[in-house]
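*Asks:* Below is the file run26.txt, which contains compact mmCIF, N, CA, C and O atoms.
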```txt
# COMPACT_ATOMS: atom_id res chain seq x y z
N MET S 14 89.67 93.42 98.89
CA MET S 14 90.97 94.03 98.95
C MET S 14 91.51 93.89 100.37
O MET S 14 90.78 94.13 101.33
N ASP S 15 92.74 93.49 100.48
CA ASP S 15 93.40 93.42 101.78
C ASP S 15 94.34 94.62 101.91
O ASP S 15 95.07 94.94 100.98
N LEU S 16 94.31 95.28 103.07
CA LEU S 16 95.20 96.41 103.33
C LEU S 16 96.29 95.99 104.30
O LEU S 16 96.03 95.34 105.32
N TYR S 17 97.51 96.38 103.97
CA TYR S 17 98.69 96.16 104.81
C TYR S 17 99.32 97.52 105.06
O TYR S 17 99.69 98.20 104.10
N ILE S 18 99.42 97.91 106.31
CA ILE S 18 99.97 99.21 106.65
C ILE S 18 101.15 98.99 107.59
O ILE S 18 101.02 98.36 108.64
N TYR S 19 102.32 99.48 107.18
CA TYR S 19 103.49 99.31 108.03
C TYR S 19 104.10 100.65 108.37
O TYR S 19 103.96 101.63 107.64
N TYR S 20 104.75 100.67 109.53
CA TYR S 20 105.35 101.91 110.04
C TYR S 20 106.33 101.57 111.15
O TYR S 20 106.42 100.42 111.59
N LYS S 21 107.04 102.59 111.62
CA LYS S 21 108.07 102.42 112.65
C LYS S 21 107.61 103.07 113.95
O LYS S 21 106.88 104.06 113.94
N VAL S 22 108.07 102.51 115.05
CA VAL S 22 107.78 103.05 116.38
C VAL S 22 109.00 102.83 117.27
O VAL S 22 109.69 101.81 117.15
N ARG S 23 109.27 103.79 118.14
CA ARG S 23 110.37 103.64 119.10
C ARG S 23 110.00 102.60 120.15
O ARG S 23 108.84 102.51 120.56
N ASP S 24 110.99 101.86 120.62
CA ASP S 24 110.76 100.87 121.67
C ASP S 24 110.00 101.50 122.84
O ASP S 24 109.07 100.90 123.39
N ALA S 25 110.40 102.70 123.23
CA ALA S 25 109.81 103.37 124.39
C ALA S 25 108.34 103.72 124.18
O ALA S 25 107.60 103.89 125.16
N ASP S 26 107.89 103.83 122.93
CA ASP S 26 106.50 104.21 122.64
C ASP S 26 105.62 103.03 122.26
O ASP S 26 104.43 103.21 122.02
N ALA S 27 106.19 101.84 122.21
CA ALA S 27 105.47 100.67 121.71
C ALA S 27 104.21 100.36 122.53
O ALA S 27 103.16 100.08 121.96
N ALA S 28 104.29 100.40 123.83
CA ALA S 28 103.13 100.06 124.66
C ALA S 28 101.99 101.06 124.46
O ALA S 28 100.82 100.67 124.35
N SER S 29 102.32 102.34 124.38
CA SER S 29 101.30 103.37 124.17
C SER S 29 100.65 103.20 122.80
O SER S 29 99.42 103.30 122.66
N LEU S 30 101.46 102.95 121.79
CA LEU S 30 100.93 102.75 120.44
C LEU S 30 100.04 101.52 120.40
O LEU S 30 98.95 101.55 119.82
N GLN S 31 100.48 100.44 121.03
CA GLN S 31 99.69 99.21 121.02
C GLN S 31 98.31 99.44 121.62
O GLN S 31 97.30 98.99 121.08
N THR S 32 98.26 100.14 122.72
CA THR S 32 96.97 100.43 123.37
C THR S 32 96.07 101.24 122.44
O THR S 32 94.88 100.93 122.29
N ALA S 33 96.63 102.25 121.80
CA ALA S 33 95.85 103.12 120.92
C ALA S 33 95.37 102.37 119.67
O ALA S 33 94.21 102.52 119.25
N VAL S 34 96.24 101.57 119.07
CA VAL S 34 95.86 100.83 117.87
C VAL S 34 94.79 99.78 118.21
O VAL S 34 93.82 99.61 117.47
N ALA S 35 94.96 99.09 119.33
CA ALA S 35 93.97 98.08 119.73
C ALA S 35 92.59 98.71 119.92
O ALA S 35 91.58 98.16 119.47
N ALA S 36 92.54 99.89 120.55
CA ALA S 36 91.27 100.57 120.75
C ALA S 36 90.67 101.00 119.41
O ALA S 36 89.47 100.85 119.17
N MET S 37 91.51 101.53 118.52
CA MET S 37 91.04 101.95 117.20
C MET S 37 90.50 100.76 116.42
O MET S 37 89.42 100.83 115.82
N GLN S 38 91.23 99.63 116.42
CA GLN S 38 90.79 98.47 115.69
C GLN S 38 89.50 97.89 116.26
O GLN S 38 88.64 97.43 115.51
N ALA S 39 89.33 97.94 117.57
CA ALA S 39 88.09 97.46 118.19
C ALA S 39 86.91 98.32 117.76
O ALA S 39 85.83 97.80 117.45
N GLN S 40 87.12 99.62 117.69
CA GLN S 40 86.06 100.53 117.25
C GLN S 40 85.72 100.29 115.78
O GLN S 40 84.54 100.24 115.41
N LEU S 41 86.73 100.10 114.95
CA LEU S 41 86.49 99.82 113.53
C LEU S 41 85.74 98.49 113.35
O LEU S 41 84.86 98.39 112.51
N ALA S 42 86.10 97.50 114.14
CA ALA S 42 85.43 96.20 114.06
C ALA S 42 83.95 96.33 114.43
O ALA S 42 83.08 95.75 113.77
N ALA S 43 83.67 97.09 115.47
CA ALA S 43 82.30 97.27 115.91
C ALA S 43 81.48 98.08 114.91
O ALA S 43 80.33 97.77 114.63
N GLN S 44 82.11 99.11 114.35
CA GLN S 44 81.39 100.02 113.46
C GLN S 44 81.24 99.49 112.03
O GLN S 44 80.21 99.68 111.39
N PHE S 45 82.28 98.79 111.53
CA PHE S 45 82.28 98.39 110.13
C PHE S 45 82.38 96.88 109.92
O PHE S 45 82.49 96.43 108.79
N ALA S 46 82.40 96.11 111.00
CA ALA S 46 82.50 94.64 110.93
C ALA S 46 83.71 94.21 110.11
O ALA S 46 83.65 93.25 109.35
N VAL S 47 84.80 94.92 110.27
CA VAL S 47 86.04 94.59 109.56
C VAL S 47 86.98 93.88 110.54
O VAL S 47 87.05 94.23 111.71
N LYS S 48 87.66 92.87 110.05
CA LYS S 48 88.64 92.16 110.87
C LYS S 48 89.98 92.87 110.75
O LYS S 48 90.25 93.56 109.76
N SER S 49 90.82 92.69 111.76
CA SER S 49 92.12 93.33 111.73
C SER S 49 93.14 92.49 112.49
O SER S 49 92.78 91.65 113.30
N GLU S 50 94.40 92.76 112.18
CA GLU S 50 95.51 92.12 112.88
C GLU S 50 96.54 93.20 113.17
O GLU S 50 96.63 94.19 112.44
N LEU S 51 97.32 93.00 114.21
CA LEU S 51 98.42 93.90 114.54
C LEU S 51 99.65 93.03 114.74
O LEU S 51 99.63 92.09 115.53
N LYS S 52 100.70 93.34 113.98
CA LYS S 52 101.92 92.53 114.02
C LYS S 52 103.13 93.44 114.15
O LYS S 52 103.04 94.64 113.91
N ARG S 53 104.25 92.84 114.52
CA ARG S 53 105.52 93.56 114.51
C ARG S 53 106.64 92.60 114.18
O ARG S 53 106.51 91.39 114.39
N ARG S 54 107.71 93.15 113.64
CA ARG S 54 108.88 92.32 113.41
C ARG S 54 109.45 91.92 114.76
O ARG S 54 109.40 92.69 115.72
N PRO S 55 110.05 90.73 114.85
CA PRO S 55 110.55 90.27 116.14
C PRO S 55 111.74 91.07 116.66
O PRO S 55 111.93 91.18 117.87
N GLU S 56 112.52 91.64 115.77
CA GLU S 56 113.71 92.37 116.20
C GLU S 56 113.45 93.87 116.20
O GLU S 56 112.57 94.38 115.53
N SER S 57 114.28 94.55 116.99
CA SER S 57 114.29 95.99 117.05
C SER S 57 115.62 96.43 116.46
O SER S 57 116.63 95.77 116.66
N ASN S 58 115.65 97.53 115.72
CA ASN S 58 116.88 98.01 115.11
C ASN S 58 117.18 99.41 115.64
O ASN S 58 116.46 100.36 115.32
N GLU S 59 118.20 99.52 116.45
CA GLU S 59 118.60 100.80 117.06
C GLU S 59 117.43 101.46 117.79
O GLU S 59 117.20 102.66 117.68
N GLY S 60 116.68 100.66 118.53
CA GLY S 60 115.58 101.18 119.33
C GLY S 60 114.30 101.45 118.56
O GLY S 60 113.38 102.07 119.09
N ILE S 61 114.23 100.97 117.32
CA ILE S 61 113.05 101.19 116.47
C ILE S 61 112.47 99.84 116.05
O ILE S 61 113.18 98.96 115.61
N GLN S 62 111.16 99.71 116.19
CA GLN S 62 110.44 98.51 115.79
C GLN S 62 109.65 98.80 114.50
O GLN S 62 109.24 99.93 114.27
N THR S 63 109.41 97.77 113.72
CA THR S 63 108.53 97.88 112.55
C THR S 63 107.24 97.14 112.86
O THR S 63 107.27 95.97 113.25
N TRP S 64 106.13 97.83 112.70
CA TRP S 64 104.81 97.28 112.99
C TRP S 64 103.99 97.21 111.71
O TRP S 64 104.24 97.94 110.76
N MET S 65 102.97 96.35 111.73
CA MET S 65 102.08 96.22 110.59
C MET S 65 100.64 95.99 111.08
O MET S 65 100.40 95.16 111.96
N GLU S 66 99.74 96.74 110.48
CA GLU S 66 98.31 96.49 110.65
C GLU S 66 97.84 95.78 109.39
O GLU S 66 98.24 96.15 108.28
N VAL S 67 96.99 94.79 109.55
CA VAL S 67 96.43 94.05 108.41
C VAL S 67 94.92 94.09 108.52
O VAL S 67 94.36 93.84 109.58
N TYR S 68 94.28 94.42 107.40
CA TYR S 68 92.82 94.45 107.30
C TYR S 68 92.42 93.59 106.12
O TYR S 68 92.34 94.06 104.98
N PRO S 69 92.20 92.29 106.36
CA PRO S 69 91.81 91.40 105.25
C PRO S 69 90.37 91.65 104.81
O PRO S 69 89.51 91.94 105.63
N ALA S 70 90.16 91.56 103.51
CA ALA S 70 88.82 91.70 102.92
C ALA S 70 88.13 93.01 103.34
O ALA S 70 86.95 93.03 103.67
N ALA S 71 88.92 94.09 103.33
CA ALA S 71 88.37 95.40 103.70
C ALA S 71 87.47 95.92 102.58
O ALA S 71 87.74 95.68 101.41
N PRO S 72 86.42 96.66 102.94
CA PRO S 72 85.56 97.24 101.91
C PRO S 72 86.34 98.22 101.04
O PRO S 72 87.37 98.77 101.46
N GLY S 73 85.86 98.50 99.85
CA GLY S 73 86.56 99.33 98.88
C GLY S 73 86.93 100.72 99.36
O GLY S 73 87.97 101.25 98.99
N ASN S 74 86.11 101.36 100.17
CA ASN S 74 86.39 102.71 100.64
C ASN S 74 87.03 102.74 102.03
O ASN S 74 87.10 103.80 102.66
N PHE S 75 87.51 101.61 102.49
CA PHE S 75 87.98 101.51 103.87
C PHE S 75 89.27 102.29 104.13
O PHE S 75 89.49 102.76 105.24
N ALA S 76 90.13 102.47 103.13
CA ALA S 76 91.39 103.19 103.35
C ALA S 76 91.13 104.61 103.85
O ALA S 76 91.83 105.09 104.75
N ALA S 77 90.15 105.28 103.29
CA ALA S 77 89.82 106.63 103.74
C ALA S 77 89.25 106.62 105.16
O ALA S 77 89.60 107.47 105.99
N THR S 78 88.39 105.65 105.44
CA THR S 78 87.83 105.50 106.79
C THR S 78 88.94 105.23 107.79
O THR S 78 88.94 105.81 108.89
N LEU S 79 89.89 104.39 107.42
CA LEU S 79 91.01 104.07 108.30
C LEU S 79 91.87 105.31 108.55
O LEU S 79 92.28 105.55 109.69
N ALA S 80 92.14 106.09 107.53
CA ALA S 80 92.94 107.31 107.69
C ALA S 80 92.29 108.26 108.69
O ALA S 80 92.98 108.85 109.55
N GLU S 81 90.98 108.40 108.64
CA GLU S 81 90.26 109.24 109.59
C GLU S 81 90.36 108.67 111.00
O GLU S 81 90.55 109.42 111.97
N ALA S 82 90.25 107.36 111.14
CA ALA S 82 90.36 106.72 112.45
C ALA S 82 91.75 106.90 113.04
O ALA S 82 91.90 107.12 114.24
N VAL S 83 92.78 106.81 112.20
CA VAL S 83 94.16 107.01 112.64
C VAL S 83 94.33 108.42 113.19
O VAL S 83 94.95 108.64 114.24
N ASP S 84 93.77 109.40 112.48
CA ASP S 84 93.85 110.79 112.94
C ASP S 84 93.15 110.97 114.28
O ASP S 84 93.69 111.58 115.21
N ARG S 85 91.92 110.42 114.39
CA ARG S 85 91.17 110.53 115.65
C ARG S 85 91.91 109.86 116.81
O ARG S 85 91.86 110.35 117.93
N ALA S 86 92.57 108.75 116.53
CA ALA S 86 93.29 108.01 117.58
C ALA S 86 94.62 108.68 117.96
O ALA S 86 95.22 108.31 118.97
N GLY S 87 95.08 109.62 117.15
CA GLY S 87 96.33 110.32 117.45
C GLY S 87 97.58 109.47 117.31
O GLY S 87 98.57 109.69 118.00
N LEU S 88 97.54 108.49 116.41
CA LEU S 88 98.66 107.56 116.28
C LEU S 88 99.96 108.24 115.84
O LEU S 88 101.05 107.76 116.16
N ALA S 89 99.86 109.35 115.14
CA ALA S 89 101.06 110.02 114.61
C ALA S 89 102.05 110.40 115.71
O ALA S 89 103.26 110.43 115.46
N GLN S 90 101.57 110.62 116.93
CA GLN S 90 102.47 111.02 118.01
C GLN S 90 103.47 109.92 118.38
O GLN S 90 104.50 110.20 118.98
N TRP S 91 103.18 108.67 118.03
CA TRP S 91 104.08 107.56 118.36
C TRP S 91 104.80 106.98 117.15
O TRP S 91 105.71 106.17 117.30
N ILE S 92 104.38 107.35 115.96
CA ILE S 92 104.95 106.76 114.75
C ILE S 92 106.12 107.59 114.26
O ILE S 92 106.06 108.81 114.19
N VAL S 93 107.21 106.90 113.94
CA VAL S 93 108.40 107.54 113.40
C VAL S 93 108.31 107.47 111.87
O VAL S 93 108.29 106.39 111.30
N GLY S 94 108.23 108.62 111.22
CA GLY S 94 108.12 108.64 109.76
C GLY S 94 106.68 108.44 109.31
O GLY S 94 105.74 108.78 110.03
N ALA S 95 106.53 107.88 108.14
CA ALA S 95 105.20 107.74 107.52
C ALA S 95 104.60 106.36 107.74
O ALA S 95 105.30 105.39 107.99
N ARG S 96 103.27 106.31 107.64
CA ARG S 96 102.54 105.04 107.55
C ARG S 96 102.48 104.70 106.07
O ARG S 96 102.08 105.54 105.26
N HIS S 97 102.87 103.51 105.73
CA HIS S 97 102.87 103.06 104.34
C HIS S 97 101.69 102.12 104.14
O HIS S 97 101.61 101.08 104.80
N VAL S 98 100.79 102.49 103.24
CA VAL S 98 99.58 101.70 102.99
C VAL S 98 99.74 100.95 101.67
O VAL S 98 100.03 101.55 100.64
N GLU S 99 99.56 99.65 101.73
CA GLU S 99 99.64 98.79 100.54
C GLU S 99 98.32 98.03 100.43
O GLU S 99 97.80 97.53 101.42
N ALA S 100 97.79 97.94 99.24
CA ALA S 100 96.55 97.19 98.99
C ALA S 100 96.85 96.01 98.07
O ALA S 100 97.57 96.16 97.08
N PHE S 101 96.33 94.86 98.43
CA PHE S 101 96.50 93.65 97.62
C PHE S 101 95.14 93.02 97.41
O PHE S 101 94.27 93.08 98.26
N MET S 102 94.98 92.38 96.26
CA MET S 102 93.75 91.65 95.97
C MET S 102 94.09 90.20 95.70
O MET S 102 95.24 89.87 95.36
N ASP S 103 93.11 89.34 95.86
CA ASP S 103 93.30 87.93 95.57
C ASP S 103 93.51 87.73 94.08
O ASP S 103 92.92 88.44 93.26
N VAL S 104 94.32 86.78 93.73
CA VAL S 104 94.51 86.41 92.35
C VAL S 104 93.55 85.28 92.03
O VAL S 104 93.58 84.23 92.67
N VAL S 105 92.69 85.52 91.09
CA VAL S 105 91.70 84.52 90.70
C VAL S 105 92.25 83.75 89.51
O VAL S 105 92.56 84.33 88.47
N PRO S 106 92.42 82.43 89.64
CA PRO S 106 92.97 81.66 88.52
C PRO S 106 91.99 81.61 87.34
O PRO S 106 90.78 81.67 87.52
N CYS S 107 92.54 81.53 86.15
CA CYS S 107 91.72 81.41 84.94
C CYS S 107 91.07 80.03 84.90
O CYS S 107 91.66 79.04 85.31
N ALA S 108 89.89 79.96 84.36
CA ALA S 108 89.16 78.68 84.30
C ALA S 108 89.69 77.79 83.20
O ALA S 108 90.28 78.13 82.27
```
Show how you would write the structure in this file as structure tokens.

*Replies:*
Amino acid sequence: MDLYIYYKVRDADAASLQTAVAAMQAQLAAQFAVKSELKRRPESNEGIQTWMEVYPAAPGNFAATLAEAVDRAGLAQWIVGARHVEAFMDVVPCA
């Protein structure tokens, strides 16, 4: 299962959020051997950026582990609104 999490951040808080997310993702990689990506849309809209965390091939229970890590990292202080979590799986073609 791949997890895609998107959310908004103010331009002024982007550097602080990036530092916190990078540290959180490094800890998750070390602890759970999970890969991660951090992306953002190229444009800002009225001082707000849209960011996305990607966790490809995450273990089945990883969403709960990630939610706990987000709380420990204090990401909510920089995020505007909610974090939206989407899960996708590979489509296996019929034989």

*Asks:* Taking all atoms listed in the file into account, which of S:Met14, S:Ala77, S:Ala39, S:Val83 comes nearest Asp103 in chain S?

*Replies:*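 Of the candidates, the smallest distance to Asp103 in chain S is held by S:Met14.
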
*Asks:* Quick check, in Å to one decimal: how far apart do atom N of Asn58 in chain S and CA of Met37 in chain S lie?

*Replies:* 25.0 Å

*Asks:* Which of these, S:Arg54, S:Ala82, S:Pro106, S:Ile92, has the shortest distance to Lys21 in chain S once you count only N, CA, C and O atoms?

*Replies:*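 When distances to Lys21 in chain S are compared using only N, CA, C and O atoms, the smallest one comes from S:Ile92.
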
*Asks:* When you count only C-alpha atoms, which of these residues is closest to Arg23 in chain S: S:Ile61, S:Asp84, S:Val104, S:Pro69?

*Replies:*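 Result for the nearest residue to Arg23 in chain S: S:Ile61.
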
*Asks:* Between CA of Ala89 in chain S and CA of Val22 in chain S, what is the distance in Å, rounded to a tenth?

*Replies:* 9.8 Å

*Asks:* So what do you get for atom C of Cys107 in chain S versus atom C of Tyr68 in chain S, distance-wise?

*Replies:*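 Interatomic distance, atom C of Cys107 in chain S to atom C of Tyr68 in chain S: 25.2 Å.
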
*Asks:* Could you list, as a list of chain:residue names, every residue within 8 Å of range 40-47 of chain S, counting only N, CA, C and O atoms and ignoring same-chain residues fewer than 3 positions away?

*Replies:* S:Ala33, S:Val34, S:Ala35, S:Ala36, S:Met37, S:Glu50, S:Val67, S:Tyr68, S:Pro69, S:Ala70, S:Ala71, S:Pro72, S:Thr78, S:Ala82

*Asks:* Mind listing as a list in words all residues within 8 Å of (107.0, 96.3, 114.0), counting only N, CA, C and O atoms?

*Replies:*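 Here is the list of nearby residues: Tyr19, Tyr20, Lys21, Val22, Lys52, Arg53, Arg54, Pro55, Glu56, Ser57, Ile61, Gln62, Thr63, Trp64 and Met65 of chain S.
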
*Asks:* Could those selected residues go to a file with N, CA, C and O atoms, as a tab-separated table (two decimals), keeping the file's coordinate frame?

*Replies:*
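As a result, again02.tsv now contains:
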```
chain	number	residue	atom	x	y	z
S	19	TYR	N	102.32	99.48	107.18
S	19	TYR	CA	103.49	99.31	108.03
S	19	TYR	C	104.10	100.65	108.37
S	19	TYR	O	103.96	101.63	107.64
S	20	TYR	N	104.75	100.67	109.53
S	20	TYR	CA	105.35	101.91	110.04
S	20	TYR	C	106.33	101.57	111.15
S	20	TYR	O	106.42	100.42	111.59
S	21	LYS	N	107.04	102.59	111.62
S	21	LYS	CA	108.07	102.42	112.65
S	21	LYS	C	107.61	103.07	113.95
S	21	LYS	O	106.88	104.06	113.94
S	22	VAL	N	108.07	102.51	115.05
S	22	VAL	CA	107.78	103.05	116.38
S	22	VAL	C	109.00	102.83	117.27
S	22	VAL	O	109.69	101.81	117.15
S	52	LYS	N	100.70	93.34	113.98
S	52	LYS	CA	101.92	92.53	114.02
S	52	LYS	C	103.13	93.44	114.15
S	52	LYS	O	103.04	94.64	113.91
S	53	ARG	N	104.25	92.84	114.52
S	53	ARG	CA	105.52	93.56	114.51
S	53	ARG	C	106.64	92.60	114.18
S	53	ARG	O	106.51	91.39	114.39
S	54	ARG	N	107.71	93.15	113.64
S	54	ARG	CA	108.88	92.32	113.41
S	54	ARG	C	109.45	91.92	114.76
S	54	ARG	O	109.40	92.69	115.72
S	55	PRO	N	110.05	90.73	114.85
S	55	PRO	CA	110.55	90.27	116.14
S	55	PRO	C	111.74	91.07	116.66
S	55	PRO	O	111.93	91.18	117.87
S	56	GLU	N	112.52	91.64	115.77
S	56	GLU	CA	113.71	92.37	116.20
S	56	GLU	C	113.45	93.87	116.20
S	56	GLU	O	112.57	94.38	115.53
S	57	SER	N	114.28	94.55	116.99
S	57	SER	CA	114.29	95.99	117.05
S	57	SER	C	115.62	96.43	116.46
S	57	SER	O	116.63	95.77	116.66
S	61	ILE	N	114.23	100.97	117.32
S	61	ILE	CA	113.05	101.19	116.47
S	61	ILE	C	112.47	99.84	116.05
S	61	ILE	O	113.18	98.96	115.61
S	62	GLN	N	111.16	99.71	116.19
S	62	GLN	CA	110.44	98.51	115.79
S	62	GLN	C	109.65	98.80	114.50
S	62	GLN	O	109.24	99.93	114.27
S	63	THR	N	109.41	97.77	113.72
S	63	THR	CA	108.53	97.88	112.55
S	63	THR	C	107.24	97.14	112.86
S	63	THR	O	107.27	95.97	113.25
S	64	TRP	N	106.13	97.83	112.70
S	64	TRP	CA	104.81	97.28	112.99
S	64	TRP	C	103.99	97.21	111.71
S	64	TRP	O	104.24	97.94	110.76
S	65	MET	N	102.97	96.35	111.73
S	65	MET	CA	102.08	96.22	110.59
S	65	MET	C	100.64	95.99	111.08
S	65	MET	O	100.40	95.16	111.96
```

*Asks:* Among chain S, which ones does DSSP assign to alpha helix (DSSP H) (computed from the backbone)? Answer as a count of residues only.

*Replies:* 31

*Asks:* Restricting the calculation to only C-alpha atoms, which member of S:Leu30, S:Ala25, S:Glu59, S:Leu16 is positioned closest to Trp91 in chain S?

*Replies:*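 With only C-alpha atoms as the atom set, the closest residue is S:Leu30.
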
*Asks:* Where in range 26-99 of chain S does DSSP assign strand (DSSP E), given as a list in words?

*Replies:*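 In range 26-99 of chain S, DSSP puts these residues in strand (DSSP E): Glu50, Leu51, Lys52, Arg53, Ile61, Gln62, Thr63, Trp64, Met65, Glu66, Val67, Tyr68, Ile92, Val93, Gly94, Ala95, Arg96, His97, Val98 and Glu99 of chain S.
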
*Asks:* Rank S:Gln31, S:Glu81, S:Ala76, S:Glu66 by their smallest atom-to-atom distance to Ser49 in chain S, using all atoms listed in the file, and report the top residue only.

*Replies:*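 For Ser49 in chain S, the nearest of the given residues is S:Glu66.
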
*Asks:* Export N, CA, C and O atoms of range 81-99 of chain S from the structure just given, as a compact mmCIF listing (two decimals), in the first residue's frame?

*Replies:*
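decode29.txt, written as the output of this step:
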```
# COMPACT_ATOMS: atom_id res chain seq x y z
N GLU S 81 1.14 8.79 14.90
CA GLU S 81 1.84 8.98 16.16
C GLU S 81 3.12 9.79 15.96
O GLU S 81 3.44 10.66 16.77
N ALA S 82 3.85 9.51 14.89
CA ALA S 82 5.08 10.24 14.60
C ALA S 82 4.79 11.71 14.31
O ALA S 82 5.54 12.59 14.73
N VAL S 83 3.70 11.98 13.60
CA VAL S 83 3.30 13.36 13.30
C VAL S 83 3.01 14.11 14.60
O VAL S 83 3.44 15.26 14.78
N ASP S 84 2.31 13.46 15.52
CA ASP S 84 2.02 14.09 16.82
C ASP S 84 3.31 14.38 17.59
O ASP S 84 3.49 15.48 18.12
N ARG S 85 4.21 13.38 17.64
CA ARG S 85 5.48 13.58 18.36
C ARG S 85 6.30 14.70 17.75
O ARG S 85 6.98 15.43 18.46
N ALA S 86 6.27 14.82 16.43
CA ALA S 86 7.05 15.85 15.73
C ALA S 86 6.42 17.24 15.85
O ALA S 86 7.06 18.24 15.51
N GLY S 87 5.17 17.31 16.28
CA GLY S 87 4.50 18.60 16.45
C GLY S 87 4.17 19.30 15.14
O GLY S 87 4.13 20.54 15.08
N LEU S 88 3.93 18.53 14.08
CA LEU S 88 3.70 19.14 12.77
C LEU S 88 2.46 20.02 12.72
O LEU S 88 2.39 20.95 11.92
N ALA S 89 1.48 19.75 13.56
CA ALA S 89 0.22 20.50 13.52
C ALA S 89 0.42 22.00 13.69
O ALA S 89 -0.36 22.80 13.16
N GLN S 90 1.48 22.41 14.39
CA GLN S 90 1.71 23.83 14.61
C GLN S 90 2.00 24.60 13.32
O GLN S 90 1.85 25.81 13.28
N TRP S 91 2.41 23.91 12.26
CA TRP S 91 2.72 24.58 11.00
C TRP S 91 1.71 24.28 9.89
O TRP S 91 1.75 24.91 8.84
N ILE S 92 0.84 23.32 10.11
CA ILE S 92 -0.10 22.92 9.07
C ILE S 92 -1.40 23.71 9.18
O ILE S 92 -1.95 23.87 10.26
N VAL S 93 -1.85 24.21 8.04
CA VAL S 93 -3.11 24.95 7.98
C VAL S 93 -4.20 23.95 7.59
O VAL S 93 -4.17 23.37 6.51
N GLY S 94 -5.17 23.74 8.48
CA GLY S 94 -6.24 22.78 8.18
C GLY S 94 -5.81 21.36 8.51
O GLY S 94 -4.97 21.13 9.37
N ALA S 95 -6.39 20.42 7.80
CA ALA S 95 -6.18 18.99 8.09
C ALA S 95 -5.12 18.37 7.18
O ALA S 95 -4.84 18.86 6.10
N ARG S 96 -4.54 17.28 7.67
CA ARG S 96 -3.72 16.39 6.84
C ARG S 96 -4.67 15.39 6.23
O ARG S 96 -5.46 14.76 6.93
N HIS S 97 -4.59 15.24 4.93
CA HIS S 97 -5.46 14.31 4.20
C HIS S 97 -4.65 13.09 3.83
O HIS S 97 -3.65 13.20 3.11
N VAL S 98 -5.07 11.93 4.31
CA VAL S 98 -4.34 10.68 4.07
C VAL S 98 -5.10 9.86 3.03
O VAL S 98 -6.29 9.59 3.19
N GLU S 99 -4.40 9.48 1.98
CA GLU S 99 -4.97 8.65 0.91
C GLU S 99 -4.09 7.41 0.77
O GLU S 99 -2.88 7.50 0.80
```
